[in-house]
Amino acid sequence: MKLLGRTYLIAVLVFLYTPILVMMAMGFNESPLYELPFTFSTRWYSALMSNTTLLTAGANSIIIAVITAVLATTLGTMASVALSRSAFRGKSLLQLLLLPPIAIPWLITGTAMLIFFYWSGIGRGMHALIIGHVALAIPYVVLVVGTGFKTIRADLEEAAMSLGSTPIHAFFSVTLPLLYPSILGAALFAFAVSLDQFVISYFLATPGYSTLPVQIYAAIRKGFTPEINAISTLLLLGSMAAILIFARFAKPGENRDKR
């Protein structure tokens with residue numbers, strides 16, 4: 001049974017990672033048509049450096065993702081604090097309303113945002129993309145940080161206040177450090193949601209301002225080139241580096257072990 005379980009796990013991992021590894025490998029293949037035998041070359045990375053369209057779209061995606069992570073994490077953490085530490089009328093309804101933005105198909109959400117932004121005068125462009133991405137990321141942040149709150153004992157703040165600390169000082173000196181891994185994880189989640197977002201970006205981007213997923217979609221329609229493999233590989237390596245940094249310095253569970 002144990003051997004069967006390991007075999008199944010290996011099969012799942014191979015199924016998930018084989019397409020990614022093939023994509024990364026073909027970014028180093030000399031042939032533009034993915035012809036075999038494989039001939040190692042960095043020509044597509046050199047071509048990427050001169051492809052201002054893809055580089056600009058990638059920079060736009062990273063900028064929007066960083067702004068989204070900061071805003072969504074700040075607003076989502078504040079909302080999570082209110083939901084976890086306060087009791088008020090309508091609290092259960094607000095917690096329930098966090099689920100529909102995650103469950104509703106992004107196609108419907110994108111259409112609704114496009115109509116609302118035109119109706120309200122917000123329009124399209126970078127500002128609309130940031131608003132849309134933040135709105136999508138906040139529910140994820142609230143859920144992740146809220147889960148972190150459940151692992152923290154509320155009486156730790158009470159103990160700090162009994163020793164003369166104010167409620168605000170107790171929160172920032174006791175609760176916030178313990179909540180740090182959850183907040184950092186939520187920020188990375190918001191960053192990933194924004195960076196990977198295609199539907200909302202497709203609806204809200206203007207012809208002169210595009211994100212990387214939208215630009216890749218447009219490039220595939222015109223003719224796929226391994227330059228897309230190259231920039232996708234760079235983004236993948238960057239994401240993996242961020243995850244490793246988070247795992248190295250955030251150390252989730254360390255605070256629980258020390259308590």
# chains A, B, ... in the order shown; residues from 1 in each chain; ligands from 1

$ closest_atom_pairs --of "range 171-236 of chain A" --to "range 94-110 of chain A" --cutoff "8 Å" --atoms "only C-alpha atoms" --output "Markdown table"
| residue | atom | partner | partner_atom | distance |
| --- | --- | --- | --- | --- |
| A:Val199 | CA | A:Leu107 | CA | 6.1 |
| A:Ile200 | CA | A:Gly110 | CA | 4.8 |
| A:Phe203 | CA | A:Gly110 | CA | 6.1 |
| A:Leu204 | CA | A:Gly110 | CA | 7.9 |

$ write_last_selection --atoms "all heavy atoms" --output "mmCIF file, in the first residue's frame"
data_model
loop_
_atom_site.group_PDB
_atom_site.id
_atom_site.type_symbol
_atom_site.label_atom_id
_atom_site.label_comp_id
_atom_site.auth_asym_id
_atom_site.auth_seq_id
_atom_site.Cartn_x
_atom_site.Cartn_y
_atom_site.Cartn_z
ATOM 1 N N VAL A 199 -8.258 37.320 -17.255
ATOM 2 C CA VAL A 199 -9.604 37.742 -17.658
ATOM 3 C C VAL A 199 -9.848 39.201 -17.294
ATOM 4 O O VAL A 199 -10.266 40.010 -18.140
ATOM 5 C CB VAL A 199 -10.672 36.837 -17.016
ATOM 6 C CG1 VAL A 199 -12.063 37.320 -17.390
ATOM 7 C CG2 VAL A 199 -10.475 35.403 -17.459
ATOM 8 N N ILE A 200 -9.600 39.557 -16.032
ATOM 9 C CA ILE A 200 -9.828 40.934 -15.594
ATOM 10 C C ILE A 200 -8.929 41.890 -16.376
ATOM 11 O O ILE A 200 -9.359 42.966 -16.801
ATOM 12 C CB ILE A 200 -9.568 41.068 -14.083
ATOM 13 C CG1 ILE A 200 -10.456 40.107 -13.298
ATOM 14 C CG2 ILE A 200 -9.813 42.500 -13.621
ATOM 15 C CD1 ILE A 200 -11.934 40.329 -13.471
ATOM 16 N N PHE A 203 -10.237 42.544 -19.925
ATOM 17 C CA PHE A 203 -11.375 43.442 -19.998
ATOM 18 C C PHE A 203 -10.993 44.886 -19.683
ATOM 19 O O PHE A 203 -11.561 45.820 -20.269
ATOM 20 C CB PHE A 203 -12.469 42.992 -19.026
ATOM 21 C CG PHE A 203 -13.342 41.896 -19.569
ATOM 22 C CD1 PHE A 203 -13.114 40.579 -19.221
ATOM 23 C CD2 PHE A 203 -14.391 42.178 -20.428
ATOM 24 C CE1 PHE A 203 -13.909 39.565 -19.718
ATOM 25 C CE2 PHE A 203 -15.191 41.173 -20.938
ATOM 26 C CZ PHE A 203 -14.956 39.857 -20.577
ATOM 27 N N LEU A 204 -10.062 45.088 -18.767
ATOM 28 C CA LEU A 204 -9.804 46.436 -18.252
ATOM 29 C C LEU A 204 -8.561 47.100 -18.848
ATOM 30 O O LEU A 204 -8.360 48.295 -18.636
ATOM 31 C CB LEU A 204 -9.665 46.392 -16.725
ATOM 32 C CG LEU A 204 -10.886 45.874 -15.957
ATOM 33 C CD1 LEU A 204 -10.628 45.918 -14.458
ATOM 34 C CD2 LEU A 204 -12.129 46.681 -16.301
#

$ select_by_dssp --residues "range 3-225 of chain A" --states "helix (DSSP H, G or I)" --output "ChimeraX atom specification"
/A:3-26,43-49,52-85,91-96,100-103,106-120,126-150,155-162,167-195,199-204,212-222

$ closest_residue --among "A:Val14, A:Val141, A:Ile62, A:Ile67" --to "Ala79 in chain A" --atoms "only C-alpha atoms"
A:Val141

$ residues_around --residues "range 229-232 of chain A" --least-positions-apart "3" --cutoff "8 Å" --atoms "only C-alpha atoms" --output "tab-separated table (two decimals) with N, CA and C atoms, in the first residue's frame"
chain	number	residue	atom	x	y	z
A	23	MET	N	8.41	23.22	-21.29
A	23	MET	CA	8.39	24.63	-21.69
A	23	MET	C	9.74	25.29	-21.42
A	24	MET	N	10.30	25.04	-20.25
A	24	MET	CA	11.59	25.64	-19.91
A	24	MET	C	12.68	25.12	-20.84
A	26	MET	N	12.36	24.00	-23.94
A	26	MET	CA	12.20	24.50	-25.29
A	26	MET	C	12.58	25.97	-25.43
A	27	GLY	N	12.67	26.65	-24.31
A	27	GLY	CA	13.19	28.02	-24.36
A	27	GLY	C	14.67	28.06	-24.67
A	28	PHE	N	15.34	26.92	-24.52
A	28	PHE	CA	16.77	26.82	-24.84
A	28	PHE	C	17.02	26.01	-26.11
A	44	TRP	N	16.82	32.72	-27.82
A	44	TRP	CA	15.50	33.26	-27.49
A	44	TRP	C	15.55	34.20	-26.30
A	45	TYR	N	16.53	33.99	-25.42
A	45	TYR	CA	16.72	34.95	-24.33
A	45	TYR	C	17.35	36.24	-24.87
A	48	LEU	N	14.56	37.98	-26.51
A	48	LEU	CA	13.66	38.56	-25.51
A	48	LEU	C	14.16	39.91	-25.04
A	225	THR	N	6.18	32.14	-30.38
A	225	THR	CA	7.63	32.06	-30.49
A	225	THR	C	8.20	31.64	-29.14
A	226	PRO	N	9.37	31.00	-29.13
A	226	PRO	CA	9.98	30.57	-27.86
A	226	PRO	C	10.38	31.72	-26.94
A	235	LEU	N	9.95	34.31	-15.13
A	235	LEU	CA	8.92	34.57	-14.11
A	235	LEU	C	8.77	33.38	-13.17
A	236	LEU	N	8.86	32.18	-13.73
A	236	LEU	CA	8.74	30.99	-12.90
A	236	LEU	C	9.89	30.90	-11.91

$ closest_residue --among "A:Ile152, A:Leu9, A:Ala59, A:Val144" --to "Ser182 in chain A" --atoms "only C-alpha atoms"
A:Val144

$ closest_residue --among "A:Leu75, A:Met126, A:Met161, A:Ala65" --to "Ser173 in chain A" --atoms "only C-alpha atoms"
A:Met161

$ closest_residue --among "A:Ala190, A:Ile183, A:Ile220, A:Ile243" --to "Tyr140 in chain A" --atoms "only C-alpha atoms"
A:Ala190

$ atom_distance --atom1 "CA of Asn51 in chain A" --atom2 "CA of Ala218 in chain A"
14.3 Å

$ atom_distance --atom1 "CA of Met78 in chain A" --atom2 "CA of Val142 in chain A"
8.5 Å

$ closest_residue --among "A:Ser80, A:Tyr202, A:Lys222, A:Pro181" --to "Thr111 in chain A" --atoms "only C-alpha atoms"
A:Tyr202

$ atom_distance --atom1 "CA of Thr39 in chain A" --atom2 "CA of Glu227 in chain A"
15.8 Å

$ closest_residue --among "A:Met113, A:Ile10, A:Val145, A:Leu93" --to "Thr77 in chain A" --atoms "only C-alpha atoms"
A:Val145

$ decode --residues "range 22-51 of chain A" --atoms "N, CA and C atoms" --output "compact mmCIF listing (two decimals), in the first residue's frame"
# COMPACT_ATOMS: atom_id res chain seq x y z
N VAL A 22 9.16 20.91 -19.90
CA VAL A 22 9.25 20.93 -21.36
C VAL A 22 9.29 22.37 -21.87
N MET A 23 8.41 23.22 -21.29
CA MET A 23 8.39 24.63 -21.69
C MET A 23 9.74 25.29 -21.42
N MET A 24 10.30 25.04 -20.25
CA MET A 24 11.59 25.64 -19.91
C MET A 24 12.68 25.12 -20.84
N ALA A 25 12.66 23.83 -21.15
CA ALA A 25 13.68 23.26 -22.02
C ALA A 25 13.60 23.83 -23.43
N MET A 26 12.36 24.00 -23.94
CA MET A 26 12.20 24.50 -25.29
C MET A 26 12.58 25.97 -25.43
N GLY A 27 12.67 26.65 -24.31
CA GLY A 27 13.19 28.02 -24.36
C GLY A 27 14.67 28.06 -24.67
N PHE A 28 15.34 26.92 -24.52
CA PHE A 28 16.77 26.82 -24.84
C PHE A 28 17.02 26.01 -26.11
N ASN A 29 15.97 25.74 -26.86
CA ASN A 29 16.11 24.98 -28.10
C ASN A 29 16.34 25.93 -29.27
N GLU A 30 17.25 25.58 -30.12
CA GLU A 30 17.60 26.44 -31.26
C GLU A 30 16.43 26.62 -32.21
N SER A 31 15.63 25.58 -32.39
CA SER A 31 14.56 25.61 -33.38
C SER A 31 13.39 26.47 -32.90
N PRO A 32 12.83 27.33 -33.77
CA PRO A 32 11.65 28.11 -33.41
C PRO A 32 10.38 27.29 -33.46
N LEU A 33 10.46 26.09 -34.03
CA LEU A 33 9.28 25.23 -34.20
C LEU A 33 9.34 24.02 -33.28
N TYR A 34 10.21 24.06 -32.26
CA TYR A 34 10.35 22.99 -31.28
C TYR A 34 10.72 21.66 -31.95
N GLU A 35 11.56 21.76 -32.97
CA GLU A 35 11.98 20.55 -33.66
C GLU A 35 13.05 19.81 -32.86
N LEU A 36 13.05 18.51 -33.00
CA LEU A 36 14.05 17.65 -32.39
C LEU A 36 14.95 17.10 -33.48
N PRO A 37 16.20 16.80 -33.19
CA PRO A 37 16.81 16.73 -31.86
C PRO A 37 17.04 18.11 -31.23
N PHE A 38 17.14 18.11 -29.92
CA PHE A 38 17.30 19.33 -29.14
C PHE A 38 18.70 19.89 -29.36
N THR A 39 18.75 21.19 -29.68
CA THR A 39 20.03 21.88 -29.85
C THR A 39 20.07 23.06 -28.90
N PHE A 40 20.95 23.01 -27.93
CA PHE A 40 20.98 24.06 -26.90
C PHE A 40 21.37 25.40 -27.50
N SER A 41 20.63 26.43 -27.10
CA SER A 41 20.91 27.78 -27.57
C SER A 41 20.22 28.78 -26.64
N THR A 42 20.82 29.95 -26.52
CA THR A 42 20.22 31.03 -25.72
C THR A 42 19.70 32.14 -26.63
N ARG A 43 19.46 31.82 -27.89
CA ARG A 43 19.04 32.86 -28.85
C ARG A 43 17.71 33.48 -28.46
N TRP A 44 16.82 32.72 -27.82
CA TRP A 44 15.50 33.26 -27.49
C TRP A 44 15.55 34.20 -26.30
N TYR A 45 16.53 33.99 -25.42
CA TYR A 45 16.72 34.95 -24.33
C TYR A 45 17.35 36.24 -24.87
N SER A 46 18.21 36.09 -25.85
CA SER A 46 18.77 37.28 -26.49
C SER A 46 17.68 38.04 -27.26
N ALA A 47 16.82 37.28 -27.94
CA ALA A 47 15.71 37.93 -28.65
C ALA A 47 14.75 38.59 -27.68
N LEU A 48 14.56 37.98 -26.51
CA LEU A 48 13.66 38.56 -25.51
C LEU A 48 14.16 39.91 -25.04
N MET A 49 15.47 40.06 -24.91
CA MET A 49 16.03 41.32 -24.43
C MET A 49 15.74 42.48 -25.38
N SER A 50 15.47 42.18 -26.63
CA SER A 50 15.15 43.23 -27.61
C SER A 50 13.67 43.30 -27.92
N ASN A 51 12.88 42.45 -27.28
CA ASN A 51 11.43 42.45 -27.49
C ASN A 51 10.81 43.39 -26.47
